[in-house]
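Enquirer: Quick one: the structure is below, and I'll ask about it shortly.
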Amino acid sequence: MAKPEKKAFKTNEVFSIARLREILPAGHSWDVSAKMDGIRCQLHRVGERLQFMTDEGHIVPEAKVAAIVAEAKSSLPERCVLDGELMLYLKGKNQHHEGVVRYLRTRETTAAEASGIRYAIWDILWNGNDLTDRPFAERSRILGDDQKGRIFRAPHTEADTDVVAGAIRKVQSAEGAMIRATDAAYWATHLLFKYKKMFDVDVTVVRVLPTRAGAERYVCADSAGNVVGTTYAASYLKGQVKRGDVITVSIQKVGRRITNGKAHFHWFSPSPVPPGGTAIRRKAADPPSVFAEIWKETRGSYLRGGLQANAGDNQGKR
């Protein structure tokens, strides 16, 4: 699946609009769509056979997406390949990447989960013939703008280079936005960009968890000792981090729950900053107030078939 280009000294994945302005090439118009925090999947249909495949090549069990498959059989062409994001909504709230992964790994499926599974489309590769060499503007017209049902078009808008920042603010999710040249073929990854709203936090490692794959995950807390979550596995820090170290973690969002009148914060998409930056520090972790501020900036919630964008354009604590 096509993803923003990454090379040794260049990446099309950015964490600020200012940086995006620096690298966005002139001479194009752009399609700006909300970054959907689910699981990237292609949906293939050949007649009555439909199959979801993740970007890692895994087949999604049909029982987990039965409601989408049923809708697809009545609404999609008999031979097509779609590119998009598998989402899960419970009580109208997006369960994010972690929630979808957890849902797909469990054997049982609740009625609420079966009803809340969705597929957000953001491209089409095949519609009776190969479309990957056609400009995105043409592929976009084929997709249309349907926001109804379990299969829906990810929120998007078009903009020229000089007003892309305003377009991002208009459609971005709490995770950010995807930016594609409207004249680009599907495989033109040098004209595909990802803007991620990230926040850097300093946290204390309270536990090191080795993984079967030989990496490590870290249970982390703020300066008051409140556990804020566990990081993604990081092989590049293996053996370098011990309990009590303060590390920097990039996160996309902070959630909050109230227990006995006290606010408890937890993070989403936590990636330890890799070596070469400032991954391991010897100063104090951030206080709970930092997580409270990030929660205020990222509490915009997804709605079924669309989203409610957060106000403002805070680029994070860096």
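By order of appearance in the structure tokens: chains A, B, ..., then residues from 1 within every chain, and ligands from 1 in the order shown.
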For Arg139 of chain A, please output as a list of chain:residue names all residues within 7 Å (counting only C-alpha atoms; exclusion window: fewer than 4 positions along the same chain).
Expert: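 Near neighbours after the sequence-gap exclusion: A:Asp123, A:Ile124, A:Arg134, A:Pro135, A:Leu143.
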Enquirer: Leaving out Val81 of chain A and any residue of its chain fewer than 2 positions from it, which residues lie within 6 Å of it when counting only C-alpha atoms, given as a VMD selection string?
Expert: chain A and resid 43 to 44 125 to 126
Enquirer: May I have the residues from that selection written out with C-alpha atoms, as a PDB file, in the first residue's frame?
Expert:
ATOM      1  CA  LEU A  43     -10.867  -4.333   0.528  1.00  0.00           C
ATOM      2  CA  HIS A  44     -10.823  -6.676  -2.469  1.00  0.00           C
ATOM      3  CA  LEU A 125      -7.051   1.034  -7.042  1.00  0.00           C
ATOM      4  CA  TRP A 126      -9.252  -1.074  -9.297  1.00  0.00           C
TER       5      TRP A 126
END
Enquirer: If you run DSSP on the backbone, which residues of segment 111-192 of chain A are strand (DSSP E or B), as a list in words?
Expert: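 For segment 111-192 of chain A, the strand (DSSP E or B) set is Ile117, Arg118, Tyr119, Ala120, Ile121, Trp122, Asp123, Ile124, Leu125, Trp126, Asn127, Asp130, Ile151, Phe152, Arg153, His156, Thr157, Glu158, Ala159, Asp160, Gly176, Ala177, Met178, Ile179, Arg180, Ala181 and Leu192 of chain A.
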Enquirer: Hey, what's within 9 Å of Ser33 of chain A if we count only C-alpha atoms and toss same-chain stuff fewer than 4 positions away? As a list of chain:residue names, please?
Expert: A:Trp122, A:Ala154, A:Pro155, A:His156, A:Thr157, A:Glu158, A:Ala167, A:Ile168, A:Val171, A:Gln172, A:Ser173, A:Gly176, A:Ala177, A:Met178, A:Ile179, A:Arg180
Enquirer: Store the residues picked out above in a file with N, CA and C atoms, as a tab-separated table (two decimals), in the first residue's frame.
Expert:
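Generated output (selection_36.tsv):
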chain	number	residue	atom	x	y	z
A	122	TRP	N	-10.27	5.94	1.41
A	122	TRP	CA	-9.55	7.13	0.97
A	122	TRP	C	-8.89	6.97	-0.39
A	154	ALA	N	-13.64	9.12	3.75
A	154	ALA	CA	-12.98	9.91	4.78
A	154	ALA	C	-13.17	11.39	4.48
A	155	PRO	N	-13.46	12.23	5.48
A	155	PRO	CA	-13.65	13.67	5.26
A	155	PRO	C	-12.44	14.27	4.55
A	156	HIS	N	-12.69	15.10	3.53
A	156	HIS	CA	-11.57	15.66	2.76
A	156	HIS	C	-11.98	16.97	2.10
A	157	THR	N	-11.00	17.70	1.62
A	157	THR	CA	-11.22	18.93	0.88
A	157	THR	C	-10.02	19.15	-0.02
A	158	GLU	N	-10.16	20.03	-1.02
A	158	GLU	CA	-9.06	20.33	-1.93
A	158	GLU	C	-8.54	21.74	-1.67
A	167	ALA	N	-6.77	24.25	5.01
A	167	ALA	CA	-7.50	23.03	4.70
A	167	ALA	C	-7.26	21.96	5.75
A	168	ILE	N	-6.04	21.88	6.25
A	168	ILE	CA	-5.72	20.91	7.31
A	168	ILE	C	-6.55	21.22	8.54
A	171	VAL	N	-10.26	19.95	8.19
A	171	VAL	CA	-10.66	18.54	8.16
A	171	VAL	C	-9.86	17.63	9.08
A	172	GLN	N	-8.79	18.12	9.68
A	172	GLN	CA	-7.92	17.24	10.46
A	172	GLN	C	-8.68	16.56	11.60
A	173	SER	N	-8.21	15.39	11.93
A	173	SER	CA	-8.70	14.69	13.11
A	173	SER	C	-7.76	14.98	14.26
A	176	GLY	N	-4.34	14.05	12.94
A	176	GLY	CA	-3.69	14.82	11.90
A	176	GLY	C	-4.39	14.72	10.57
A	177	ALA	N	-3.62	14.72	9.47
A	177	ALA	CA	-4.21	14.75	8.13
A	177	ALA	C	-3.27	14.10	7.12
A	178	MET	N	-3.86	13.66	5.99
A	178	MET	CA	-3.11	13.14	4.85
A	178	MET	C	-3.24	14.14	3.72
A	179	ILE	N	-2.14	14.39	3.01
A	179	ILE	CA	-2.13	15.39	1.95
A	179	ILE	C	-1.60	14.73	0.69
A	180	ARG	N	-2.40	14.74	-0.41
A	180	ARG	CA	-2.01	14.09	-1.66
A	180	ARG	C	-2.20	15.02	-2.84
Enquirer: Could you check which of A:Ser74, A:Lys91, A:Ala114, A:Val46 is closest to Gly128 of chain A, using only C-alpha atoms?
Expert: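 Result for the nearest residue to Gly128 of chain A: A:Val46.
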Enquirer: Measuring atom to atom with only C-alpha atoms, identify which of A:Val208, A:Leu82, A:Ala137, A:Ala2 is nearest to Thr182 of chain A.
Expert: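 When distances to Thr182 of chain A are compared using only C-alpha atoms, the smallest one comes from A:Ala137.
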Enquirer: Which residues, written as a list in words, have at least one atom at most 12 Å from Ala188 of chain A, with only C-alpha atoms counted and residues fewer than 2 positions away on the same chain left out?
Expert: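 That gives Met1, Ala2, Lys3, Pro4, Glu5, Asn12, Thr132, Asp133, Arg134, Pro135, Phe136, Arg180, Ala181, Thr182, Asp183, Ala184, Ala185, Tyr186, His190, Leu191, Leu192 and Phe193 of chain A.
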Enquirer: Can you write out the residues you just picked, keeping N, CA and C atoms, as a compact mmCIF listing (two decimals), in the first residue's frame?
Expert:
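Result written to result_18.txt:
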# COMPACT_ATOMS: atom_id res chain seq x y z
N MET A 1 0.84 -1.19 0.00
CA MET A 1 0.00 0.00 0.00
C MET A 1 0.88 1.25 0.00
N ALA A 2 0.46 2.23 -0.78
CA ALA A 2 1.25 3.46 -0.88
C ALA A 2 1.26 4.21 0.44
N LYS A 3 2.46 4.64 0.87
CA LYS A 3 2.61 5.42 2.09
C LYS A 3 3.57 6.57 1.83
N PRO A 4 3.52 7.63 2.65
CA PRO A 4 4.43 8.75 2.44
C PRO A 4 5.88 8.29 2.36
N GLU A 5 6.61 8.91 1.44
CA GLU A 5 7.98 8.50 1.17
C GLU A 5 8.89 8.76 2.37
N ASN A 12 8.42 12.36 4.24
CA ASN A 12 7.19 13.10 3.96
C ASN A 12 6.21 12.97 5.11
N THR A 132 -4.41 2.71 -10.81
CA THR A 132 -3.30 3.24 -10.02
C THR A 132 -2.46 4.28 -10.77
N ASP A 133 -2.49 4.27 -12.12
CA ASP A 133 -1.72 5.27 -12.88
C ASP A 133 -2.54 6.52 -13.19
N ARG A 134 -3.82 6.51 -12.84
CA ARG A 134 -4.67 7.68 -13.09
C ARG A 134 -4.42 8.73 -12.00
N PRO A 135 -4.65 10.01 -12.32
CA PRO A 135 -4.49 11.04 -11.29
C PRO A 135 -5.49 10.86 -10.16
N PHE A 136 -5.09 11.26 -8.95
CA PHE A 136 -5.97 11.07 -7.81
C PHE A 136 -7.30 11.78 -8.00
N ARG A 180 -2.40 14.74 -0.41
CA ARG A 180 -2.01 14.09 -1.66
C ARG A 180 -2.20 15.02 -2.84
N ALA A 181 -1.26 15.01 -3.76
CA ALA A 181 -1.39 15.81 -4.97
C ALA A 181 -2.52 15.25 -5.82
N THR A 182 -3.41 16.12 -6.31
CA THR A 182 -4.56 15.65 -7.08
C THR A 182 -4.18 15.12 -8.45
N ASP A 183 -2.95 15.47 -8.92
CA ASP A 183 -2.51 14.98 -10.23
C ASP A 183 -1.60 13.76 -10.12
N ALA A 184 -1.49 13.18 -8.91
CA ALA A 184 -0.53 12.11 -8.68
C ALA A 184 -1.14 10.73 -8.89
N ALA A 185 -0.34 9.82 -9.43
CA ALA A 185 -0.72 8.42 -9.51
C ALA A 185 -0.67 7.83 -8.10
N TYR A 186 -1.28 6.66 -7.91
CA TYR A 186 -1.33 6.04 -6.59
C TYR A 186 0.06 5.79 -6.03
N HIS A 190 6.18 10.26 -3.43
CA HIS A 190 6.86 11.53 -3.17
C HIS A 190 5.88 12.70 -3.16
N LEU A 191 4.64 12.46 -3.61
CA LEU A 191 3.60 13.49 -3.59
C LEU A 191 2.50 13.14 -2.58
N LEU A 192 2.86 12.32 -1.61
CA LEU A 192 1.94 11.92 -0.55
C LEU A 192 2.58 12.29 0.79
N PHE A 193 1.85 13.05 1.62
CA PHE A 193 2.40 13.55 2.88
C PHE A 193 1.46 13.22 4.03
Enquirer: What is the distance, in Å and to one decimal place, between atom CA of Ile39 of chain A and atom CA of Leu76 of chain A?
Expert: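 Interatomic distance here is 20.6 Å.
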